[in-house]
>>> print(open('structure04.txt').read())   # compact mmCIF, C-alpha atoms
# COMPACT_ATOMS: atom_id res chain seq x y z
CA MET E 987 -17.68 7.58 2.68
CA THR E 988 -21.13 7.41 1.09
CA PRO E 989 -21.90 4.74 -1.52
CA ALA E 990 -22.05 7.48 -4.19
CA GLU E 991 -18.61 8.78 -3.20
CA PHE E 992 -17.18 5.28 -3.23
CA GLU E 993 -18.70 4.62 -6.62
CA PHE E 994 -17.18 7.80 -8.01
CA LEU E 995 -13.74 7.06 -6.54
CA SER E 996 -13.71 3.46 -7.72
CA GLY E 997 -14.79 4.54 -11.22
CA PHE E 998 -12.05 7.17 -11.25
CA ILE E 999 -9.35 4.70 -10.07
CA ARG E 1000 -10.53 2.12 -12.58
CA ALA E 1001 -10.35 4.61 -15.47
CA ARG E 1002 -6.89 5.76 -14.44
CA SER E 1003 -5.26 2.45 -13.54
CA GLY E 1004 -7.55 -0.41 -14.56
CA ILE E 1005 -7.67 -1.47 -10.93
CA SER E 1006 -11.00 -2.55 -9.46
CA LEU E 1007 -11.63 -1.52 -5.87
CA ALA E 1008 -13.85 -3.98 -4.03
CA ASP E 1009 -16.34 -2.29 -1.71
CA ASP E 1010 -15.40 -4.63 1.13
CA LYS E 1011 -12.14 -2.68 1.31
CA ILE E 1012 -13.90 0.62 1.88
CA TYR E 1013 -12.30 1.16 5.32
CA LEU E 1014 -8.84 0.53 3.93
CA PHE E 1015 -9.37 3.19 1.26
CA GLN E 1016 -10.72 5.65 3.77
CA SER E 1017 -7.60 5.27 5.90
CA ARG E 1018 -5.35 5.56 2.86
CA LEU E 1019 -6.98 8.84 1.87
CA VAL E 1020 -6.34 10.50 5.24
CA PRO E 1021 -2.83 11.77 4.34
CA VAL E 1022 -4.17 13.05 0.99
CA LEU E 1023 -6.87 15.01 2.80
CA SER E 1024 -4.35 16.82 4.99
CA ARG E 1025 -1.87 17.40 2.14
CA HIS E 1026 -4.57 19.06 0.04
CA GLN E 1027 -6.34 20.65 3.02
CA PHE E 1028 -9.72 19.01 2.70
CA SER E 1029 -11.88 18.68 5.77
CA ASP E 1030 -13.30 15.32 4.72
CA ILE E 1031 -13.64 12.82 1.89
CA ALA E 1032 -16.83 14.51 0.63
CA ALA E 1033 -14.86 17.71 -0.02
CA LEU E 1034 -12.11 15.77 -1.76
CA VAL E 1035 -14.62 14.00 -3.99
CA ARG E 1036 -16.31 17.32 -4.88
CA SER E 1037 -12.97 18.76 -5.97
CA LEU E 1038 -12.02 15.60 -7.87
CA ARG E 1039 -15.34 15.66 -9.75
CA LEU E 1040 -14.41 19.11 -11.10
CA SER E 1041 -10.96 18.04 -12.28
CA THR E 1042 -9.85 14.44 -12.73
CA SER E 1043 -6.25 15.35 -13.58
CA GLY E 1044 -3.51 17.23 -11.72
CA PRO E 1045 -1.67 16.77 -8.41
CA LEU E 1046 -4.77 15.85 -6.39
CA ALA E 1047 -5.81 13.18 -8.88
CA ASP E 1048 -2.25 11.78 -8.94
CA ASP E 1049 -2.10 11.64 -5.14
CA VAL E 1050 -5.45 9.87 -4.91
CA VAL E 1051 -4.35 7.20 -7.44
CA ASP E 1052 -1.06 6.82 -5.54
CA ALA E 1053 -2.75 6.43 -2.19
CA MET E 1054 -5.30 3.92 -3.43
CA THR E 1055 -3.02 1.71 -5.54
CA THR E 1056 0.44 1.71 -3.97
CA ASN E 1057 1.34 -1.46 -2.18
CA GLU E 1058 3.60 -1.86 0.76
CA THR E 1059 6.45 -4.19 -0.06
CA LEU E 1060 9.51 -5.65 1.58
CA PHE E 1061 12.91 -7.09 0.74
CA PHE E 1062 12.79 -10.76 -0.33
CA ARG E 1063 9.04 -10.76 0.14
CA ASP E 1064 7.75 -14.35 0.59
CA ARG E 1065 11.35 -15.59 0.23
CA LEU E 1066 10.49 -18.67 -1.90
CA PRO E 1067 10.46 -16.92 -5.33
CA PHE E 1068 13.89 -15.47 -4.55
CA ASP E 1069 15.24 -18.92 -3.61
CA HIS E 1070 13.84 -20.19 -6.93
CA PHE E 1071 15.48 -17.29 -8.71
CA ALA E 1072 18.93 -17.83 -7.18
CA ASN E 1073 18.92 -21.64 -7.31
CA ARG E 1074 17.04 -22.44 -10.52
CA LEU E 1075 15.88 -19.55 -12.70
CA LEU E 1076 19.12 -17.55 -12.94
CA PRO E 1077 21.32 -20.65 -13.51
CA GLY E 1078 18.75 -21.77 -16.12
CA LEU E 1079 19.00 -18.46 -17.96
CA LEU E 1080 22.80 -18.63 -17.94
CA ALA E 1081 22.79 -22.18 -19.31
CA ARG E 1082 20.40 -21.40 -22.18
CA PRO E 1083 21.90 -22.43 -25.52
CA GLY E 1084 22.69 -19.57 -27.88
CA ARG E 1085 22.39 -16.98 -25.13
CA SER E 1086 24.03 -13.63 -25.81
CA GLY E 1087 23.93 -10.13 -24.39
CA ALA E 1088 22.59 -8.97 -21.07
CA ILE E 1089 19.98 -10.81 -19.01
CA ARG E 1090 16.92 -8.58 -18.70
CA ILE E 1091 14.57 -8.93 -15.74
CA TRP E 1092 11.36 -6.96 -15.20
CA SER E 1093 9.94 -6.16 -11.79
CA ALA E 1094 6.50 -5.20 -13.06
CA ALA E 1095 4.98 -3.95 -9.81
CA ALA E 1096 8.12 -2.45 -8.34
CA SER E 1097 6.49 -0.11 -5.82
CA THR E 1098 9.32 1.30 -3.66
CA GLY E 1099 11.97 -0.94 -5.27
CA GLN E 1100 12.63 -3.70 -2.74
CA GLU E 1101 11.90 -6.55 -5.19
CA ALA E 1102 14.16 -5.10 -7.91
CA TYR E 1103 17.01 -4.52 -5.44
CA SER E 1104 16.55 -7.97 -3.89
CA LEU E 1105 17.03 -9.49 -7.36
CA ALA E 1106 20.05 -7.26 -7.99
CA MET E 1107 21.65 -8.37 -4.71
CA LEU E 1108 21.14 -12.04 -5.63
CA CYS E 1109 22.79 -11.37 -9.00
CA ALA E 1110 25.71 -9.74 -7.20
CA GLU E 1111 25.96 -12.83 -4.97
CA ALA E 1112 26.07 -14.96 -8.16
CA ARG E 1113 28.85 -12.88 -9.70
CA GLY E 1114 31.05 -15.97 -10.13
CA ALA E 1115 28.40 -17.88 -12.09
CA LEU E 1116 27.53 -14.79 -14.14
CA GLY E 1117 31.08 -14.40 -15.38
CA GLY E 1118 30.96 -11.21 -17.42
CA THR E 1119 27.24 -11.42 -18.18
CA ARG E 1120 25.51 -8.14 -17.51
CA VAL E 1121 22.14 -8.08 -15.73
CA GLU E 1122 19.62 -5.31 -16.35
CA ILE E 1123 16.69 -5.06 -14.00
CA LEU E 1124 13.81 -2.78 -14.86
CA GLY E 1125 11.39 -1.77 -12.11
CA THR E 1126 8.10 -0.20 -13.18
CA ASP E 1127 5.14 1.05 -11.24
CA LEU E 1128 2.11 3.23 -11.73
CA SER E 1129 3.01 5.45 -8.80
CA PRO E 1130 5.57 8.24 -9.35
CA ALA E 1131 5.81 8.71 -5.57
CA ALA E 1132 6.72 5.06 -5.01
CA LEU E 1133 9.24 5.18 -7.87
CA ALA E 1134 10.88 8.30 -6.50
CA ARG E 1135 11.55 6.36 -3.30
CA ALA E 1136 12.81 3.37 -5.32
CA GLU E 1137 15.14 5.69 -7.28
CA SER E 1138 16.61 7.06 -4.06
CA GLY E 1139 17.55 3.56 -2.86
CA ARG E 1140 17.02 4.89 0.65
CA TYR E 1141 15.15 2.88 3.28
CA THR E 1142 14.26 3.33 6.93
CA GLN E 1143 15.67 1.17 9.72
CA PHE E 1144 12.26 -0.47 9.96
CA GLU E 1145 12.16 -1.32 6.23
CA VAL E 1146 15.64 -2.90 6.15
CA GLN E 1147 14.73 -5.18 9.05
CA ARG E 1148 11.88 -6.91 7.26
CA GLY E 1149 13.10 -9.69 4.99
CA LEU E 1150 16.65 -8.46 4.45
CA PRO E 1151 19.27 -10.78 6.02
CA ILE E 1152 21.72 -8.82 8.19
CA GLY E 1153 24.68 -10.07 6.11
CA MET E 1154 23.10 -8.51 3.00
CA LEU E 1155 22.52 -5.24 4.85
CA ALA E 1156 26.14 -5.12 5.98
CA LYS E 1157 27.37 -5.96 2.47
CA TYR E 1158 25.15 -3.85 0.22
CA PHE E 1159 24.01 -0.84 2.27
CA THR E 1160 25.61 2.11 4.00
CA LYS E 1161 24.10 4.04 6.85
CA ASP E 1162 23.18 7.67 6.28
CA GLY E 1163 21.65 9.40 9.27
CA ASP E 1164 18.77 7.19 10.38
CA ASP E 1165 18.37 5.63 6.93
CA TRP E 1166 20.16 2.95 4.96
CA VAL E 1167 21.18 3.52 1.33
CA ILE E 1168 21.76 0.81 -1.29
CA SER E 1169 25.32 0.60 -2.65
CA PRO E 1170 26.14 2.21 -6.03
CA THR E 1171 26.99 -1.19 -7.61
CA ILE E 1172 23.54 -2.57 -6.84
CA ARG E 1173 21.85 0.72 -7.71
CA ALA E 1174 23.56 0.67 -11.14
CA MET E 1175 21.97 -2.70 -12.02
CA VAL E 1176 18.43 -1.35 -11.70
CA LYS E 1177 16.47 1.20 -13.70
CA PHE E 1178 13.06 2.51 -12.76
CA ARG E 1179 10.35 4.01 -14.88
CA SER E 1180 6.72 4.94 -14.48
CA PHE E 1181 4.52 2.52 -16.39
CA ASN E 1182 0.86 1.49 -16.58
CA LEU E 1183 0.24 -2.22 -17.19
CA LEU E 1184 -2.74 -1.25 -19.36
CA ASP E 1185 -0.38 0.36 -21.90
CA SER E 1186 1.55 -1.37 -24.68
CA PHE E 1187 4.61 -3.26 -23.38
CA SER E 1188 6.63 -2.77 -26.58
CA PRO E 1189 8.51 0.39 -25.43
CA LEU E 1190 9.97 -1.70 -22.60
CA GLY E 1191 11.56 -4.28 -24.92
CA ARG E 1192 11.70 -7.99 -24.22
CA PHE E 1193 12.65 -9.76 -21.02
CA ASP E 1194 14.23 -13.06 -20.01
CA LEU E 1195 12.23 -13.22 -16.79
CA ILE E 1196 9.30 -11.28 -15.35
CA PHE E 1197 8.28 -10.80 -11.73
CA CYS E 1198 4.67 -9.57 -11.65
CA ARG E 1199 3.57 -10.20 -8.10
CA ASN E 1200 0.55 -9.09 -6.14
CA VAL E 1201 -0.76 -6.64 -8.70
CA LEU E 1202 -2.95 -8.69 -11.05
CA ILE E 1203 -5.28 -9.49 -8.15
CA TYR E 1204 -6.59 -5.95 -8.48
CA PHE E 1205 -7.72 -6.36 -12.10
CA ASP E 1206 -10.89 -7.81 -13.56
CA ILE E 1207 -10.57 -11.13 -15.34
CA ASP E 1208 -10.69 -9.58 -18.85
CA VAL E 1209 -7.93 -7.13 -17.99
CA LYS E 1210 -5.92 -9.94 -16.39
CA ARG E 1211 -6.25 -12.02 -19.56
CA MET E 1212 -5.09 -9.10 -21.68
CA ILE E 1213 -2.09 -8.49 -19.41
CA PHE E 1214 -1.13 -12.19 -19.46
CA ALA E 1215 -1.17 -12.04 -23.29
CA LYS E 1216 1.17 -9.04 -23.24
CA LEU E 1217 3.44 -10.66 -20.65
CA ALA E 1218 3.70 -13.74 -22.89
CA GLU E 1219 4.63 -11.46 -25.83
CA ALA E 1220 7.45 -9.92 -23.80
CA LEU E 1221 9.02 -13.29 -22.91
CA PRO E 1222 10.98 -15.80 -25.01
CA ASP E 1223 9.68 -19.34 -25.60
CA ASP E 1224 9.54 -21.18 -22.28
CA GLY E 1225 10.22 -17.88 -20.47
CA ALA E 1226 9.26 -17.73 -16.80
CA LEU E 1227 6.75 -15.49 -15.08
CA VAL E 1228 6.71 -15.17 -11.30
CA LEU E 1229 3.35 -14.41 -9.70
CA GLY E 1230 2.37 -13.64 -6.11
CA SER E 1231 1.76 -16.50 -3.71
CA ALA E 1232 -2.03 -16.11 -3.91
CA GLU E 1233 -2.15 -15.65 -7.69
CA THR E 1234 -2.58 -18.14 -10.52
CA VAL E 1235 -3.15 -18.44 -14.26
CA ILE E 1236 -5.56 -21.34 -13.87
CA GLY E 1237 -8.95 -20.60 -15.40
CA ILE E 1238 -7.73 -17.27 -16.78
CA THR E 1239 -5.26 -17.96 -19.57
CA ASP E 1240 -3.65 -20.86 -21.40
CA GLN E 1241 -0.65 -18.72 -22.32
CA PHE E 1242 1.16 -19.82 -19.17
CA THR E 1243 1.34 -23.11 -17.36
CA LEU E 1244 2.56 -24.11 -13.91
CA HIS E 1245 6.25 -24.84 -13.63
CA PRO E 1246 6.50 -28.61 -13.09
CA GLU E 1247 8.56 -28.21 -9.90
CA LEU E 1248 8.65 -24.61 -8.71
CA ARG E 1249 5.60 -23.24 -6.92
CA GLY E 1250 4.59 -19.72 -7.95
CA ILE E 1251 6.51 -19.91 -11.24
CA TYR E 1252 4.66 -20.05 -14.57
CA ILE E 1253 6.08 -20.94 -17.96
CA LYS E 1254 5.00 -19.49 -21.30
CA THR E 1255 3.21 -22.22 -23.26
CA ARG E 1256 3.16 -23.17 -26.93
CA ALA E 1257 -0.51 -22.15 -26.98
CA SER E 1258 0.58 -18.57 -26.49
CA GLN E 1259 2.97 -18.84 -29.42
CA SER E 1260 0.31 -20.18 -31.80
CA GLY E 1261 -2.11 -17.59 -30.46
CA ARG E 1262 0.25 -14.90 -31.68
CA ARG E 1263 -0.08 -15.68 -35.39
CA MET W 724 8.37 -25.97 21.69
CA LYS W 725 11.62 -24.08 21.05
CA SER W 726 13.42 -22.24 23.83
CA CYS W 727 14.75 -18.69 23.78
CA LEU W 728 16.97 -16.99 26.32
CA VAL W 729 16.39 -13.23 26.48
CA VAL W 730 19.51 -11.40 27.65
CA ASP W 731 18.99 -7.73 28.48
CA ASP W 732 19.72 -5.57 31.53
CA SER W 733 16.38 -3.80 31.11
CA GLY W 734 13.50 -5.59 32.81
CA VAL W 735 11.05 -3.73 30.59
CA ILE W 736 12.73 -4.94 27.39
CA ARG W 737 12.86 -8.51 28.74
CA LYS W 738 9.15 -8.35 29.51
CA VAL W 739 8.22 -7.02 26.05
CA ALA W 740 10.44 -9.59 24.34
CA ARG W 741 9.03 -12.39 26.51
CA ARG W 742 5.47 -11.49 25.55
CA ILE W 743 6.27 -11.43 21.83
CA LEU W 744 8.28 -14.67 21.96
CA GLU W 745 5.61 -16.51 23.96
CA GLU W 746 3.05 -15.45 21.37
CA LEU W 747 5.40 -16.96 18.79
CA ASN W 748 5.31 -20.20 20.81
CA PHE W 749 8.74 -20.08 22.45
CA SER W 750 9.46 -21.05 26.04
CA VAL W 751 11.33 -18.07 27.43
CA GLU W 752 14.05 -17.68 30.05
CA GLU W 753 15.70 -14.43 31.08
CA ALA W 754 19.18 -13.22 32.00
CA ALA W 755 20.13 -9.67 33.04
CA ASP W 756 23.74 -9.73 31.84
CA GLY W 757 26.25 -11.80 29.87
CA GLN W 758 27.56 -13.66 32.92
CA GLN W 759 24.08 -14.81 33.97
CA ALA W 760 23.46 -15.84 30.37
CA LEU W 761 26.68 -17.86 30.24
CA ASP W 762 25.85 -19.59 33.54
CA ARG W 763 22.48 -20.55 32.14
CA CYS W 764 23.91 -21.81 28.86
CA ARG W 765 26.37 -24.01 30.77
CA ILE W 766 23.40 -25.83 32.33
CA LYS W 767 21.39 -26.08 29.11
CA LYS W 768 21.77 -24.53 25.67
CA PRO W 769 18.62 -22.78 24.42
CA ASP W 770 17.59 -22.98 20.74
CA ALA W 771 17.76 -19.21 20.43
CA ILE W 772 19.30 -16.26 22.26
CA LEU W 773 18.01 -12.69 21.92
CA LEU W 774 21.01 -10.67 23.00
CA ASP W 775 21.49 -7.06 24.05
CA TRP W 776 24.93 -5.48 23.57
CA ASN W 777 25.48 -2.95 26.35
CA MET W 778 25.12 -4.66 29.72
CA PRO W 779 27.01 -4.59 33.05
CA VAL W 780 29.43 -7.35 34.17
CA VAL W 781 29.78 -9.15 30.79
CA ASP W 782 28.43 -7.40 27.69
CA GLY W 783 26.68 -9.05 24.73
CA LEU W 784 29.70 -9.32 22.46
CA GLU W 785 31.93 -10.74 25.23
CA PHE W 786 29.20 -13.26 26.03
CA LEU W 787 28.89 -14.31 22.39
CA VAL W 788 32.64 -14.82 21.99
CA ALA W 789 32.71 -16.91 25.20
CA LEU W 790 29.60 -18.89 24.19
CA ARG W 791 31.00 -19.88 20.80
CA LYS W 792 34.09 -21.35 22.56
CA GLU W 793 31.98 -23.57 24.84
CA PRO W 794 31.27 -27.21 23.95
CA ASP W 795 28.17 -27.10 21.67
CA GLY W 796 28.46 -23.32 21.86
CA HIS W 797 27.77 -23.11 18.12
CA VAL W 798 24.30 -24.63 18.57
CA PRO W 799 22.18 -21.69 19.81
CA ILE W 800 21.04 -19.26 17.13
CA VAL W 801 22.04 -15.82 18.38
CA VAL W 802 20.06 -12.74 17.38
CA PHE W 803 21.58 -9.49 18.59
CA CYS W 804 19.09 -6.87 19.68
CA SER W 805 20.80 -3.58 20.30
CA THR W 806 20.55 0.19 20.07
CA GLU W 807 24.01 0.05 18.45
CA ASN W 808 22.80 0.37 14.89
CA ASP W 809 25.88 1.28 12.87
CA LEU W 810 27.71 -0.88 10.35
CA ASP W 811 30.79 -1.23 12.55
CA HIS W 812 28.87 -2.86 15.42
CA ILE W 813 26.88 -5.06 13.02
CA THR W 814 30.03 -6.28 11.29
CA ARG W 815 31.72 -7.05 14.63
CA ALA W 816 28.67 -8.99 15.79
CA ILE W 817 28.58 -11.10 12.61
CA ALA W 818 32.35 -11.73 12.88
CA ALA W 819 31.87 -12.94 16.48
CA GLY W 820 29.25 -15.46 15.32
CA ALA W 821 25.89 -13.66 15.53
CA ASN W 822 23.27 -15.16 13.18
CA GLU W 823 21.09 -12.06 12.93
CA TYR W 824 20.92 -8.53 14.23
CA ILE W 825 17.93 -6.47 15.29
CA MET W 826 18.31 -2.72 15.61
CA LYS W 827 16.21 -1.30 18.44
CA PRO W 828 13.47 -0.21 18.64
CA PHE W 829 11.90 -3.49 17.65
CA ASP W 830 8.35 -4.76 17.45
CA ARG W 831 6.69 -8.12 17.01
CA GLU W 832 6.89 -7.87 13.23
CA ILE W 833 10.67 -7.39 13.23
CA ILE W 834 11.29 -10.22 15.72
CA GLU W 835 9.07 -12.50 13.67
CA ALA W 836 10.81 -11.54 10.39
CA LYS W 837 14.29 -12.03 11.83
CA PHE W 838 13.47 -15.33 13.57
CA ARG W 839 11.96 -16.59 10.32
CA GLU W 840 15.11 -15.45 8.50
CA VAL W 841 17.29 -17.77 10.61
CA GLY W 842 14.84 -20.67 10.51
CA LEU W 843 13.58 -20.45 14.11
CA ILE W 844 10.03 -20.01 12.80
CA ALA W 845 8.80 -22.09 9.88
>>> encode(input="structure04.txt", output="C-alpha cells")
Amino acid sequence: MTPAEFEFLSGFIRARSGISLADDKIYLFQSRLVPVLSRHQFSDIAALVRSLRLSTSGPLADDVVDAMTTNETLFFRDRLPFDHFANRLLPGLLARPGRSGAIRIWSAAASTGQEAYSLAMLCAEARGALGGTRVEILGTDLSPAALARAESGRYTQFEVQRGLPIGMLAKYFTKDGDDWVISPTIRAMVKFRSFNLLDSFSPLGRFDLIFCRNVLIYFDIDVKRMIFAKLAEALPDDGALVLGSAETVIGITDQFTLHPELRGIYIKTRASQSGRR
Amino acid sequence: MKSCLVVDDSGVIRKVARRILEELNFSVEEAADGQQALDRCRIKKPDAILLDWNMPVVDGLEFLVALRKEPDGHVPIVVFCSTENDLDHITRAIAAGANEYIMKPFDREIIEAKFREVGLIA
C-alpha cells in the first residue's frame, strides 16, 4: 500500500465511521483487505483504491468499511466486567428504588453478538433474582455483516470454546452440523440493529446500563468526548458505563467517573447533569 | 509450578499437548490410557488432567468416574479433550465430574482459554 493509498483509505474510513486508522497498523489493514480483493475481483489494493475513488458508496465501500472496522470478539471477553455485571451491577439495578418496567442494556459495539448473548445468559442465570422483571438487550454495530452473524446466533466450534464455560454451552446452545446455535430463550432477550456511534442516540431510547468496550480507542479525542456526552445522556443519574480494559475517561471527560470499587466501570457524574442544562 | 497429566492414546496428541502446556508453565506427565492414568494418580494427584475419551483398556469417562471415587479424587481439575463433540457426550462428562471440555481439534489458544476458565491459569 502506498502512502497515498493509505491516506485515501483512512480518509474514507474516517468519513464513513469516524474511526481513525493509525498508520502503524498498515499491515493489519492490508491483511484485512485481502478477502475484499478476492470477493470483488481486484488484483491488488491499488486497483481497489482506484475503484473506490470513483464511487465511495455501494457494496465495495460497505465491504471495505466492514473489513477495516469489525473487531473480533469472544464470549465473556476479559471475564471481569461480566463478573461485575452478575455480582454487582444487575443486583444494583434490581434494588434501585422506584424501578419499574424492563431493564434495558446496550451492547454498543456488539460485533458478532457474543457480548450481548453473554449478558443475556447471565440474566437467565439470575432468573430467580429477576423475578418477573424483563431484560431487553440491544446490540448495535456499524457492520451489517457482523450483525447478520449476531442475528443468526450461530457460532463455530472454535468460537464457542473461547471464553464460554462448557456448562453454559451445554445449557444454552444446541448443536447444528458443525456449528452451535444459541437457544431461542436467550435469542429472544436480544435485539440487534445497525448503528453508527456518530449519529444521534435518541432513536435508541434510554438505557439502565451501557457496555461500550474496545471501540472508543479508534476515535479521536474530540469524537470520544462527544460520544461520552451522548452516552451520559442515554443513562439515568448514577448510571454505569462499562469500558474496555485499556480504556478510560480520565483526561477526556468529566461526565463519568471511576466506580469506587469496580475496575473498568464508570459512573455518570453530576457534572454531566449540570452540563445538560 | 502446577502439574498436568495428559491422558491420550495418541503419542502425537500427547506431544502437542505437552508442548503447549510446558509453554504455559506446567510440569507435564503422560499416560496412554485410563488405567495408566489411574495408576499414576494413585501415586500422586496432579493439579490438572487433560483427558481423551476414546482409549483402549479404560476409557476417559470410566477413568473419571473411578478417579472421583478415590481418596482426594475430587482434587484434580479434569478437562476433557475429545473428538466427541455432541451435547450428549458433553453432558455425560459434566455429570461424571469433568470441570471443562475441549472439542478437538484444539490449539494453544483454546487450551489457554479453558485452563483460565477453571482457574488453572491466573
>>> interface_residues(input="structure04.txt", of="chain E", to="chain W", cutoff="8 Å", atoms="only C-alpha atoms", output="MDAnalysis selection string")
chainID E and resid 1143:1144 1147:1149 1151:1153 1156 1160:1161
>>> residues_near_point(input="structure04.txt", point="(12.1, -22.5, 21.2)", cutoff="8 Å", atoms="all atoms listed in the file", output="MDAnalysis selection string")
chainID W and resid 724:727 748:751 769:771 843
>>> residues_around(input="structure04.txt", residues="stretch 1247-1252 of chain E", least_positions_apart="4", cutoff="9 Å", atoms="all atoms listed in the file", output="VMD selection string")
chain E and resid 1066 to 1067 1070 1074 1225 to 1235 1242 to 1243
>>> residues_around(input="structure04.txt", residues="stretch 1162-1173 of chain E", least_positions_apart="3", cutoff="7 Å", atoms="all atoms listed in the file", output="ChimeraX atom specification")
/E:1103,1106-1107,1139-1143,1158-1159,1176
>>> atom_distance(input="structure04.txt", atom1="atom CA of E:Ser1097", atom2="atom CA of E:Ala1136")
7.2 Å
>>> residues_near_point(input="structure04.txt", point="(7.4, -3.5, -0.3)", cutoff="9 Å", atoms="only C-alpha atoms", output="list in words")
Asn1057, Glu1058, Thr1059, Leu1060, Phe1061, Arg1063, Ala1096, Ser1097, Thr1098, Gly1099, Gln1100, Glu1101 and Glu1145 of chain E
>>> write_last_selection(input="structure04.txt", atoms="C-alpha atoms", output="PDB file, in the frame of the given file")
ATOM      1  CA  ASN E1057       1.340  -1.460  -2.180  1.00  0.00           C
ATOM      2  CA  GLU E1058       3.600  -1.860   0.760  1.00  0.00           C
ATOM      3  CA  THR E1059       6.450  -4.190  -0.060  1.00  0.00           C
ATOM      4  CA  LEU E1060       9.510  -5.650   1.580  1.00  0.00           C
ATOM      5  CA  PHE E1061      12.910  -7.090   0.740  1.00  0.00           C
ATOM      6  CA  ARG E1063       9.040 -10.760   0.140  1.00  0.00           C
ATOM      7  CA  ALA E1096       8.120  -2.450  -8.340  1.00  0.00           C
ATOM      8  CA  SER E1097       6.490  -0.110  -5.820  1.00  0.00           C
ATOM      9  CA  THR E1098       9.320   1.300  -3.660  1.00  0.00           C
ATOM     10  CA  GLY E1099      11.970  -0.940  -5.270  1.00  0.00           C
ATOM     11  CA  GLN E1100      12.630  -3.700  -2.740  1.00  0.00           C
ATOM     12  CA  GLU E1101      11.900  -6.550  -5.190  1.00  0.00           C
ATOM     13  CA  GLU E1145      12.160  -1.320   6.230  1.00  0.00           C
TER      14      GLU E1145
END
>>> residues_around(input="structure04.txt", residues="E:Leu1116", least_positions_apart="5", cutoff="9 Å", atoms="all atoms listed in the file", output="short mmCIF file (atom, residue, chain, number, x, y, z; two decimals) with C-alpha atoms, keeping the file's coordinate frame")
data_model
loop_
_atom_site.label_atom_id
_atom_site.label_comp_id
_atom_site.auth_asym_id
_atom_site.auth_seq_id
_atom_site.Cartn_x
_atom_site.Cartn_y
_atom_site.Cartn_z
CA LEU E 1076 19.12 -17.55 -12.94
CA PRO E 1077 21.32 -20.65 -13.51
CA LEU E 1080 22.80 -18.63 -17.94
CA CYS E 1109 22.79 -11.37 -9.00
CA ALA E 1110 25.71 -9.74 -7.20
CA VAL E 1121 22.14 -8.08 -15.73
#
>>> residues_around(input="structure04.txt", residues="E:Asp1127", least_positions_apart="2", cutoff="9 Å", atoms="all atoms listed in the file", output="PyMOL selection string")
chain E and resi 1056+1093-1098+1125+1129-1130+1132-1133+1178-1183
>>> residues_around(input="structure04.txt", residues="E:Glu991", least_positions_apart="5", cutoff="10 Å", atoms="all atoms listed in the file", output="list of chain:residue names")
E:Ser996, E:Gly997, E:Ile1031, E:Ala1032, E:Leu1034, E:Val1035, E:Arg1036
>>> write_last_selection(input="structure04.txt", atoms="C-alpha atoms", output="tab-separated table (two decimals), in the coordinates of the input")
chain	number	residue	atom	x	y	z
E	996	SER	CA	-13.71	3.46	-7.72
E	997	GLY	CA	-14.79	4.54	-11.22
E	1031	ILE	CA	-13.64	12.82	1.89
E	1032	ALA	CA	-16.83	14.51	0.63
E	1034	LEU	CA	-12.11	15.77	-1.76
E	1035	VAL	CA	-14.62	14.00	-3.99
E	1036	ARG	CA	-16.31	17.32	-4.88
>>> closest_residue(input="structure04.txt", among="W:Asp782, W:Asp732, W:Asp775, W:Glu752", to="W:Thr806", atoms="only C-alpha atoms")
W:Asp775
>>> atom_distance(input="structure04.txt", atom1="atom CA of E:Gln1027", atom2="atom CA of E:Met1054")
18.0 Å
>>> atom_distance(input="structure04.txt", atom1="atom CA of E:Ser1138", atom2="atom CA of E:Ile1203")
27.7 Å
>>> closest_residue(input="structure04.txt", among="E:Leu1079, E:Val1051, E:Ala1215, E:Ile1238", to="E:Ile999", atoms="only C-alpha atoms")
E:Val1051
>>> closest_residue(input="structure04.txt", among="W:Phe838, W:His812, W:Arg831, W:Lys768", to="W:Arg741", atoms="all atoms listed in the file")
W:Arg831
>>> closest_residue(input="structure04.txt", among="W:Leu790, W:Val802, W:Val735, W:Ala816", to="W:Cys764", atoms="all atoms listed in the file")
W:Leu790
>>> closest_residue(input="structure04.txt", among="W:Leu774, W:Gln759, W:Gly820, W:Val781", to="W:Gly796", atoms="all atoms listed in the file")
W:Gly820
